[in-house]
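This report refers to the structure that appears directly beneath it.
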Amino acid sequence: MAISHSNQRIGVFVDVGNMYHSAKNLYNAKLNFGKILESIKDGRQLVRAMAYVVETEANEEKGFFEALEKQGYEIKSKDLQIFPGGAKKGDWDVGIAIDAITIANHIDVVILVTGDGDFIPLVNFLKNNKGCKVEVVAFKQSASAKLIEDADEFLNISDDVRKYLIKNKYARRK
C-alpha cells in the first residue's frame, strides 16, 4: 500500500464469506481478520469497520463472530437463504455497496476487503461521484483483475501469508 496519511478517515467493509472461502481454497487456512484491520489502519483514523457475515441454521459461527467484534469490527449478519431444491445463497454485495455509499460522505478512503468483481461499479462510483480513494484487500490469485486495476491501491494478502493466515498452513493446494 502507498504511504498513508494520519489525517485520512477510513471505512473498512469486509466481505467475510468471499475472504473466508478464498483463504480456505487457496491455502487451506483461515484468515486473521484482526491482522488485516491492523495493517490497513496503518495509523489512519478508523471511522467504521464492518464485517458482513451469513449465519447458518446451526449458528456454529457464533464464536467466530464474537472474535471479529473483539478485533474491532461491527458485525452485519443475515441468515443463509436455502431455496427449494437445496440451492443456497448468502451474499452481501448490495448491503456492502449501500453502506459504503452511505458512509462515503464521512470518510476519505473506502477499503473493500474482497476480491469480488461485482464491486467494480461501486469502486468507480465512489471514486468518481464521492471523491473517495478506494483500496482493495484480497488474494490476487482469486481477485478480479479489473477490481484490482480500478482500485487506487491493492494489498495482496498472498504477499505475506505468514502475517495474515492462521495455523501455519501456507502450502498452496494443487
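Chain labels run A, B, ... following the order of the C-alpha cells; each chain numbers its residues from 1, and ligands are numbered from 1 in the order shown.
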**Message:** Would you pick out the contacts of region 15-24 of chain A at 9 Å or less, using only C-alpha atoms, so that residues sharing its chain but fewer than 4 positions from it are not included, and give the list as a list in words?
**Reply:**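 After dropping sequence-adjacent residues, the list is Asn28, Ala29, Lys30, Leu31, Phe33, Met50, Ala51, Tyr52, Val53, Val54, Gly90, Asp91, Trp92, Asp93, Ile96, Leu112, Val113, Thr114, Gly115, Asp116, Ala138, Phe139, Gln141, Ser142, Ala143 and Leu165 of chain A.
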Those same residues - N, CA and C atoms - I'd like them written as a PDB file, in the first residue's frame.
```
ATOM      1  N   ASN A  28      -5.871 -23.575   2.331  1.00  0.00           N
ATOM      2  CA  ASN A  28      -6.426 -24.458   3.352  1.00  0.00           C
ATOM      3  C   ASN A  28      -6.159 -23.886   4.742  1.00  0.00           C
ATOM      4  N   ALA A  29      -6.413 -22.590   4.869  1.00  0.00           N
ATOM      5  CA  ALA A  29      -6.145 -21.881   6.120  1.00  0.00           C
ATOM      6  C   ALA A  29      -7.265 -20.889   6.385  1.00  0.00           C
ATOM      7  N   LYS A  30      -7.187 -20.288   7.551  1.00  0.00           N
ATOM      8  CA  LYS A  30      -8.149 -19.250   7.922  1.00  0.00           C
ATOM      9  C   LYS A  30      -7.447 -17.901   7.895  1.00  0.00           C
ATOM     10  N   LEU A  31      -8.214 -16.881   7.614  1.00  0.00           N
ATOM     11  CA  LEU A  31      -7.676 -15.527   7.533  1.00  0.00           C
ATOM     12  C   LEU A  31      -7.711 -14.867   8.903  1.00  0.00           C
ATOM     13  N   PHE A  33      -8.452 -11.853  10.459  1.00  0.00           N
ATOM     14  CA  PHE A  33      -9.111 -10.586  10.164  1.00  0.00           C
ATOM     15  C   PHE A  33      -8.602  -9.455  11.062  1.00  0.00           C
ATOM     16  N   MET A  50     -16.722  -2.717   9.178  1.00  0.00           N
ATOM     17  CA  MET A  50     -17.876  -3.603   9.188  1.00  0.00           C
ATOM     18  C   MET A  50     -17.547  -4.926   8.520  1.00  0.00           C
ATOM     19  N   ALA A  51     -17.940  -5.996   9.183  1.00  0.00           N
ATOM     20  CA  ALA A  51     -17.757  -7.345   8.665  1.00  0.00           C
ATOM     21  C   ALA A  51     -19.138  -7.911   8.358  1.00  0.00           C
ATOM     22  N   TYR A  52     -19.314  -8.341   7.141  1.00  0.00           N
ATOM     23  CA  TYR A  52     -20.606  -8.836   6.655  1.00  0.00           C
ATOM     24  C   TYR A  52     -20.575 -10.356   6.650  1.00  0.00           C
ATOM     25  N   VAL A  53     -21.449 -10.957   7.456  1.00  0.00           N
ATOM     26  CA  VAL A  53     -21.441 -12.406   7.645  1.00  0.00           C
ATOM     27  C   VAL A  53     -22.818 -13.000   7.375  1.00  0.00           C
ATOM     28  N   VAL A  54     -22.812 -14.300   7.150  1.00  0.00           N
ATOM     29  CA  VAL A  54     -24.045 -15.054   6.928  1.00  0.00           C
ATOM     30  C   VAL A  54     -24.121 -16.136   7.999  1.00  0.00           C
ATOM     31  N   GLY A  90     -26.090 -16.449   0.130  1.00  0.00           N
ATOM     32  CA  GLY A  90     -25.830 -15.650   1.316  1.00  0.00           C
ATOM     33  C   GLY A  90     -24.864 -14.517   1.062  1.00  0.00           C
ATOM     34  N   ASP A  91     -24.964 -13.868  -0.076  1.00  0.00           N
ATOM     35  CA  ASP A  91     -24.016 -12.776  -0.328  1.00  0.00           C
ATOM     36  C   ASP A  91     -24.556 -11.440   0.184  1.00  0.00           C
ATOM     37  N   TRP A  92     -23.626 -10.525   0.390  1.00  0.00           N
ATOM     38  CA  TRP A  92     -23.908  -9.222   0.961  1.00  0.00           C
ATOM     39  C   TRP A  92     -23.600  -8.082  -0.018  1.00  0.00           C
ATOM     40  N   ASP A  93     -23.452  -8.365  -1.297  1.00  0.00           N
ATOM     41  CA  ASP A  93     -22.988  -7.346  -2.239  1.00  0.00           C
ATOM     42  C   ASP A  93     -23.778  -6.046  -2.170  1.00  0.00           C
ATOM     43  N   ILE A  96     -23.268  -4.215   1.285  1.00  0.00           N
ATOM     44  CA  ILE A  96     -21.956  -3.578   1.373  1.00  0.00           C
ATOM     45  C   ILE A  96     -21.940  -2.306   0.531  1.00  0.00           C
ATOM     46  N   LEU A 112     -12.219  -1.934   0.666  1.00  0.00           N
ATOM     47  CA  LEU A 112     -13.024  -3.121   0.423  1.00  0.00           C
ATOM     48  C   LEU A 112     -12.138  -4.349   0.589  1.00  0.00           C
ATOM     49  N   VAL A 113     -12.518  -5.216   1.508  1.00  0.00           N
ATOM     50  CA  VAL A 113     -11.767  -6.440   1.720  1.00  0.00           C
ATOM     51  C   VAL A 113     -12.558  -7.548   1.031  1.00  0.00           C
ATOM     52  N   THR A 114     -12.280  -7.718  -0.248  1.00  0.00           N
ATOM     53  CA  THR A 114     -12.947  -8.681  -1.102  1.00  0.00           C
ATOM     54  C   THR A 114     -12.237  -8.729  -2.443  1.00  0.00           C
ATOM     55  N   GLY A 115     -12.383  -9.842  -3.118  1.00  0.00           N
ATOM     56  CA  GLY A 115     -11.856  -9.939  -4.472  1.00  0.00           C
ATOM     57  C   GLY A 115     -12.966 -10.014  -5.502  1.00  0.00           C
ATOM     58  N   ASP A 116     -14.191  -9.809  -5.071  1.00  0.00           N
ATOM     59  CA  ASP A 116     -15.383  -9.987  -5.904  1.00  0.00           C
ATOM     60  C   ASP A 116     -15.516  -8.873  -6.943  1.00  0.00           C
ATOM     61  N   ALA A 138      -7.216  -8.245  -0.869  1.00  0.00           N
ATOM     62  CA  ALA A 138      -7.673  -9.577  -1.266  1.00  0.00           C
ATOM     63  C   ALA A 138      -6.472 -10.434  -1.638  1.00  0.00           C
ATOM     64  N   PHE A 139      -6.756 -11.688  -1.974  1.00  0.00           N
ATOM     65  CA  PHE A 139      -5.755 -12.583  -2.540  1.00  0.00           C
ATOM     66  C   PHE A 139      -5.736 -12.343  -4.043  1.00  0.00           C
ATOM     67  N   GLN A 141      -4.666 -14.032  -6.497  1.00  0.00           N
ATOM     68  CA  GLN A 141      -4.997 -15.174  -7.345  1.00  0.00           C
ATOM     69  C   GLN A 141      -6.502 -15.406  -7.462  1.00  0.00           C
ATOM     70  N   SER A 142      -7.289 -14.919  -6.517  1.00  0.00           N
ATOM     71  CA  SER A 142      -8.730 -15.150  -6.585  1.00  0.00           C
ATOM     72  C   SER A 142      -9.519 -13.848  -6.737  1.00  0.00           C
ATOM     73  N   ALA A 143      -8.820 -12.750  -6.923  1.00  0.00           N
ATOM     74  CA  ALA A 143      -9.484 -11.448  -7.063  1.00  0.00           C
ATOM     75  C   ALA A 143      -9.684 -11.100  -8.540  1.00  0.00           C
ATOM     76  N   LEU A 165      -2.460 -15.310   7.616  1.00  0.00           N
ATOM     77  CA  LEU A 165      -3.170 -16.577   7.736  1.00  0.00           C
ATOM     78  C   LEU A 165      -2.922 -17.213   9.100  1.00  0.00           C
TER      79      LEU A 165
END
```
**Item:** Within 7 Å of Asp108 (chain A) using only C-alpha atoms, minus same-chain residues under 4 positions, as an MDAnalysis selection string
**Value:** chainID A and resid 8:10 132:133
Take the residues from that selection and put them in a file with C-alpha atoms, as a CSV table (one decimal), in the first residue's frame.
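Ended up saving to out.csv:
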```csv
chain,number,residue,atom,x,y,z
A,8,GLN,CA,-7.2,10.1,6.4
A,9,ARG,CA,-10.6,8.9,7.7
A,10,ILE,CA,-11.2,5.3,6.6
A,132,CYS,CA,-13.1,8.8,-2.2
A,133,LYS,CA,-9.9,6.9,-2.6
```
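You can rank A:Asp42, A:Asp118, A:Glu66, A:Asp79 by their closest distance to Ser6 (chain A) using only C-alpha atoms, and at the top of that list sits A:Asp42.
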**Message:** as an MDAnalysis selection string, please: every residue in chain A that a backbone DSSP assignment puts in helix (DSSP H, G or I).
**Reply:** chainID A and resid 16:27 33:41 62:70 93:106 117:129 140:142 145:150 157:164
